[in-house]
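Engineer: The structure follows.
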Amino acid sequence: MSEVDVDLFVIGGGSGGVRAARMAAQRGARVMLAEQGGTAGLGGTCVNVGCIPKKLYSYAAHYAEAFEESHGFGWEGQAPSFNWGTLKANRAKEISRLNGIYANLLTGVGVEVVNARAQVTGPQQVEVDGRTIRAAHILVATGGTPFVPDIPGKEHVLVSDAIFDLDPFPKRLVVVGGGYIASEFASIFNGLGAQVTQLYRGEQILRGFDDDVRHFVAAEMRKTGVDLRLGADVVSISRGAQGLDIAIKDNTDASSTLQADAVLYATGRVPNVRGLGLEEAGVKLGWDGVVEVDENYRTSVPSIYAVGDVTDRIQLTPVALAEAMVVVDQLFGPSKGKPARSMSYEFIPTAVFTHPNIGTVGYSEQDAPKHCGAVTVYRSEFRALKHTLSGSSERTLMKLVVEDATDRVVGLHMVGPDAGEIVQGFAVAMKAGATKAIFDSTIGIHPTAAEEFVTMREPVKQVASA
């Protein structure tokens with residue numbers, strides 16, 4: 001190989017890119033990272049316009065119901081008013097702080113950060129900021145970008161990247177989509193005081209999640225005030241005298257019109273590959289620009305790798321971080337005394353920050369028989385202790401899916417407060433192969449919601465092998 005300028009050139013300063021750049025530099029590699037958003041873009045979607053600000057806004061949205069529920073516990077007086085500008089300013093300050101931390105992590109280990117968009121111009125060559133950089137290895141970690149279908153009035157649509165700084169606060173918000181991003185923002189803005197209508201053309205939101213979870217959380221969201229309309233699609237959007245006019249039709253082709261102050265489209269994300277020069281360099285792309293990689297995240301060009309949402313495997317920040325470490329260990333060796341890492345996509349926990357939250361790990365009841373054969377299902381639904389005094393009608397759902405042949409718990413699902421916090425711990429047990437017998441022999445912490453997972457004894461159904 002001819003002489004190179006760097007050992008690793010990383011395109012994209014999101015979670016996966018920053019992790020790969022930092023850990024490779026710690027192993028002695030010469031590393032350069034390009035982030036077109038500059039220092040303010042470090043951290044990628046998650047830090048800037050994704051999980052971090054979304055969770056902060058989710059916290060904010062819970063206070064209205066918390067103030068109302070407090071009366072049952074003896075607290076008196078009127079709830080304070082909500083200031084949208086204060087929330088936005090405080091969020092921006094925190095994100096800026098995190099951007100600075102990411103920048104210091106990179107420069108502290110010697111990574112050269114270039115605030116410009118990079119383009120691959122050869123198997124081992126990148127053009128960036130007017131420079132030609134020769135790299136032994138190139139890592140593409142450019143993430144995804146929101147997708148909006150081509151409809152009349154598309155120019156009036158917002159995407160999730162822009163929703164955090166919307167001005168003014170929308171009194172009437174229409175959310176289009178049925179995935180976790182759409183459902184989360186419908187819950188968040190409903191909690192903050194907006195009149196929210198969520199439109200989804202499918203039969204139920206959160207396709208791919210357990211069916212019990214989907215139906216349960218949809219009912220809970222409706223109870224909190226979200227006007228969830230299934231089998232509904234947008235025909236056109238136009239600006240009228242009362243704001244935005246949204247023409248919709250349902251699955252019977254019946255037409256109607258909604259008025260709103262803003263329309264958020266959360267209809268999926270596509271890999272951010274436009275203008276990167278990947279195809280010209282020989283990198284094979286799949287449907288919608290997905291970068292195709294092998295089990296070691298190597299593309300069809302041996303010197304070029306890709307991790308994270310740009311590969312469209314599982315779009316979660318911790319997954320991108322884990323994939324980045326596989327690449328670093330492969331190229332520059334593992335940490336001293338540790339084996340090279342590999343990546344397993346089984347039993348990856350995830351949370352959806354709807355109101356109430358969803359936490360899930362493993363297979364749904366519908367998918368488990370295809371992978372595990374016959375399964376037994378355990379299910380519990382209850383009103384949490386807190387709500388015996390709060391006056392809230394919110395209910396909690398918990399569910400276990402158990403593989404009959406081994407007694408392993410292969411699916412664990414929850415809808416309720418702090419579901420993500422609870423499910424994370426159980427994910428460790430499931431990754432270790434915990435059986436239902438081990439769950440049953442574990443003493444619960446009382447009184448908690450989490451203890452329900454170790455006290456479910458009677459199955460509700462058995463499902464045959466698919």
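Residues are named by chain letter and number: chains run A, B, ... in the order of the structure tokens, numbers start at 1 in each chain, and ligands are numbered from 1 in the order shown.
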From a DSSP pass on the backbone, collect the residues of segment 158-348 of chain A flagged as alpha helix (DSSP H) and hand them back as JSON, numbers by chain.
Structural biologist: {"A": [160, 161, 162, 163, 180, 181, 182, 183, 184, 185, 186, 187, 188, 189, 190, 191, 192, 211, 212, 213, 214, 215, 216, 217, 218, 219, 220, 221, 222, 223, 224, 317, 318, 319, 320, 321, 322, 323, 324, 325, 326, 327, 328, 329, 330, 331, 332]}
Engineer: Give me the residues within 6 Å of Ser465 of chain A as JSON, numbers by chain, counting only C-alpha atoms and dropping any in the same chain fewer than 4 places off.
Structural biologist: {"A": [369, 373, 374]}
Engineer: Skip Leu321 of chain A itself and residues of its chain fewer than 6 positions away, then list as an MDAnalysis selection string all residues within 9 Å of it, counting only C-alpha atoms.
Structural biologist: chainID A and resid 15:20 307:308
Engineer: Those selected residues, please, written with C-alpha atoms and delivered as an mmCIF file, in the first residue's frame.
Structural biologist:
```
data_model
loop_
_atom_site.group_PDB
_atom_site.id
_atom_site.type_symbol
_atom_site.label_atom_id
_atom_site.label_comp_id
_atom_site.auth_asym_id
_atom_site.auth_seq_id
_atom_site.Cartn_x
_atom_site.Cartn_y
_atom_site.Cartn_z
ATOM 1 C CA SER A 15 -22.278 8.470 18.011
ATOM 2 C CA GLY A 16 -20.704 5.717 15.917
ATOM 3 C CA GLY A 17 -18.235 7.979 14.150
ATOM 4 C CA VAL A 18 -17.024 9.711 17.294
ATOM 5 C CA ARG A 19 -16.641 6.421 19.150
ATOM 6 C CA ALA A 20 -14.648 4.838 16.315
ATOM 7 C CA VAL A 307 -21.714 1.551 10.820
ATOM 8 C CA GLY A 308 -24.893 2.899 12.358
#
```
Engineer: At a cut-off of 8 Å, using only C-alpha atoms, what residues contact segment 458-461 of chain A? Leave out same-chain residues fewer than 5 positions from it and give the result as JSON, numbers by chain.
Structural biologist: {"A": [376, 377, 378, 379]}
Engineer: Name all residues at most 6 Å from segment 179-190 of chain A (count only C-alpha atoms; drop same-chain ones fewer than 5 positions away) and give them as an mmCIF file with N, CA and C atoms, in the first residue's frame.
Structural biologist:
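That gives us part_35.cif:
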```
data_model
loop_
_atom_site.group_PDB
_atom_site.id
_atom_site.type_symbol
_atom_site.label_atom_id
_atom_site.label_comp_id
_atom_site.auth_asym_id
_atom_site.auth_seq_id
_atom_site.Cartn_x
_atom_site.Cartn_y
_atom_site.Cartn_z
ATOM 1 N N SER A 58 -39.652 15.010 26.763
ATOM 2 C CA SER A 58 -40.550 14.017 27.360
ATOM 3 C C SER A 58 -40.669 14.253 28.861
ATOM 4 N N ALA A 61 -42.920 17.170 29.413
ATOM 5 C CA ALA A 61 -44.331 16.894 29.137
ATOM 6 C C ALA A 61 -45.029 16.165 30.274
ATOM 7 N N VAL A 196 -53.329 17.516 19.794
ATOM 8 C CA VAL A 196 -52.565 16.669 18.873
ATOM 9 C C VAL A 196 -53.468 15.666 18.180
ATOM 10 N N LEU A 206 -46.833 1.566 15.651
ATOM 11 C CA LEU A 206 -45.679 0.813 16.148
ATOM 12 C C LEU A 206 -45.583 -0.585 15.544
ATOM 13 N N ALA A 266 -43.309 12.252 10.432
ATOM 14 C CA ALA A 266 -42.339 11.299 10.986
ATOM 15 C C ALA A 266 -42.625 9.960 10.330
ATOM 16 N N PHE A 353 -40.503 6.455 24.132
ATOM 17 C CA PHE A 353 -40.890 7.420 25.155
ATOM 18 C C PHE A 353 -42.237 8.060 24.843
ATOM 19 N N THR A 354 -43.198 7.177 24.595
ATOM 20 C CA THR A 354 -44.587 7.599 24.568
ATOM 21 C C THR A 354 -45.024 7.831 26.014
ATOM 22 N N HIS A 355 -46.260 8.311 26.181
ATOM 23 C CA HIS A 355 -46.821 8.460 27.527
ATOM 24 C C HIS A 355 -48.031 7.546 27.615
#
```
Engineer: Of the candidates A:Ile138, A:Val235, A:Ala40, A:Leu87, which one gets nearest to Ala60 of chain A if we count only C-alpha atoms?
Structural biologist: A:Leu87
Engineer: Could you write out, as a VMD selection string, all the residues of segment 271-415 of chain A that DSSP marks as strand (DSSP E)?
Structural biologist: chain A and resid 271 304 to 306 350 to 352 358 to 362 375 to 382 396 to 403 409 to 415
Engineer: Do you know which residues are at most 12 Å from Leu385 of chain A counting only C-alpha atoms, after dropping those on the same chain fewer than 6 positions away, and could you put them as a ChimeraX atom specification?
Structural biologist: /A:391-396,417,446-449
Engineer: Residues within 12 Å of Ala262 of chain A, please, as a tab-separated table (two decimals) with C-alpha atoms, in the first residue's frame. Count only C-alpha atoms; anything in the same chain fewer than 6 positions from it doesn't count.
Structural biologist:
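File around.tsv, as written:
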```
chain	number	residue	atom	x	y	z
A	155	GLU	CA	-43.24	22.65	1.64
A	156	HIS	CA	-45.46	23.24	4.69
A	157	VAL	CA	-44.26	20.09	6.45
A	158	LEU	CA	-41.88	19.92	9.42
A	159	VAL	CA	-39.59	16.99	10.18
A	160	SER	CA	-38.39	15.88	13.59
A	162	ALA	CA	-36.87	21.02	13.23
A	163	ILE	CA	-39.56	20.36	15.83
A	166	LEU	CA	-40.57	25.42	16.45
A	167	ASP	CA	-41.81	28.99	16.96
A	168	PRO	CA	-44.41	29.69	18.14
A	169	PHE	CA	-45.58	26.69	20.14
A	170	PRO	CA	-48.27	24.95	18.05
A	171	LYS	CA	-51.66	24.96	19.74
A	172	ARG	CA	-52.83	22.44	17.13
A	173	LEU	CA	-50.34	19.85	15.87
A	174	VAL	CA	-50.90	17.10	13.33
A	175	VAL	CA	-48.38	14.25	13.46
A	176	VAL	CA	-48.21	11.97	10.44
A	189	PHE	CA	-46.70	17.75	22.50
A	194	ALA	CA	-51.02	21.10	22.27
A	195	GLN	CA	-54.14	19.64	20.68
A	196	VAL	CA	-52.57	16.67	18.87
A	197	THR	CA	-53.96	14.58	16.05
A	237	ILE	CA	-51.65	20.39	2.70
A	238	SER	CA	-52.38	24.05	1.99
A	239	ARG	CA	-52.30	27.30	3.91
A	242	GLN	CA	-57.14	29.41	9.99
A	243	GLY	CA	-53.65	27.96	9.55
A	244	LEU	CA	-52.83	24.83	7.63
A	245	ASP	CA	-55.59	22.84	5.95
A	246	ILE	CA	-54.83	19.13	5.82
```
Engineer: Given only C-alpha atoms as the basis, pick out the residue of A:Val328, A:Gln259, A:Glu76, A:Glu346 nearest to Leu8 of chain A.
Structural biologist: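 Nearest candidate to Leu8 of chain A out of A:Val328, A:Gln259, A:Glu76, A:Glu346: A:Val328.
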Engineer: Report the distance between atom CA of Leu412 of chain A and atom CA of Ala66 of chain A in Å, rounded to one decimal place.
Structural biologist: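 Taking atom CA of Leu412 of chain A and atom CA of Ala66 of chain A, their separation equals 27.5 Å.
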Engineer: Can you work out which one of A:Ser300, A:Phe426, A:Asp404, A:Ser96 has the shortest atom-to-atom distance to Ile348 of chain A, counting only C-alpha atoms?
Structural biologist: A:Phe426
Engineer: Just checking: using only C-alpha atoms, which residue out of A:Pro356, A:Thr299, A:Leu228, A:Val428 ends up closest to Pro123 of chain A?
Structural biologist: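 For Pro123 of chain A, the nearest of the candidates is A:Thr299.
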Engineer: From the list A:Ile151, A:Ile101, A:Ala320, A:Cys51, which residue is nearest Gly14 of chain A when using only C-alpha atoms?
Structural biologist: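 Ranking A:Ile151, A:Ile101, A:Ala320, A:Cys51 by distance to Gly14 of chain A, first place goes to A:Ala320.
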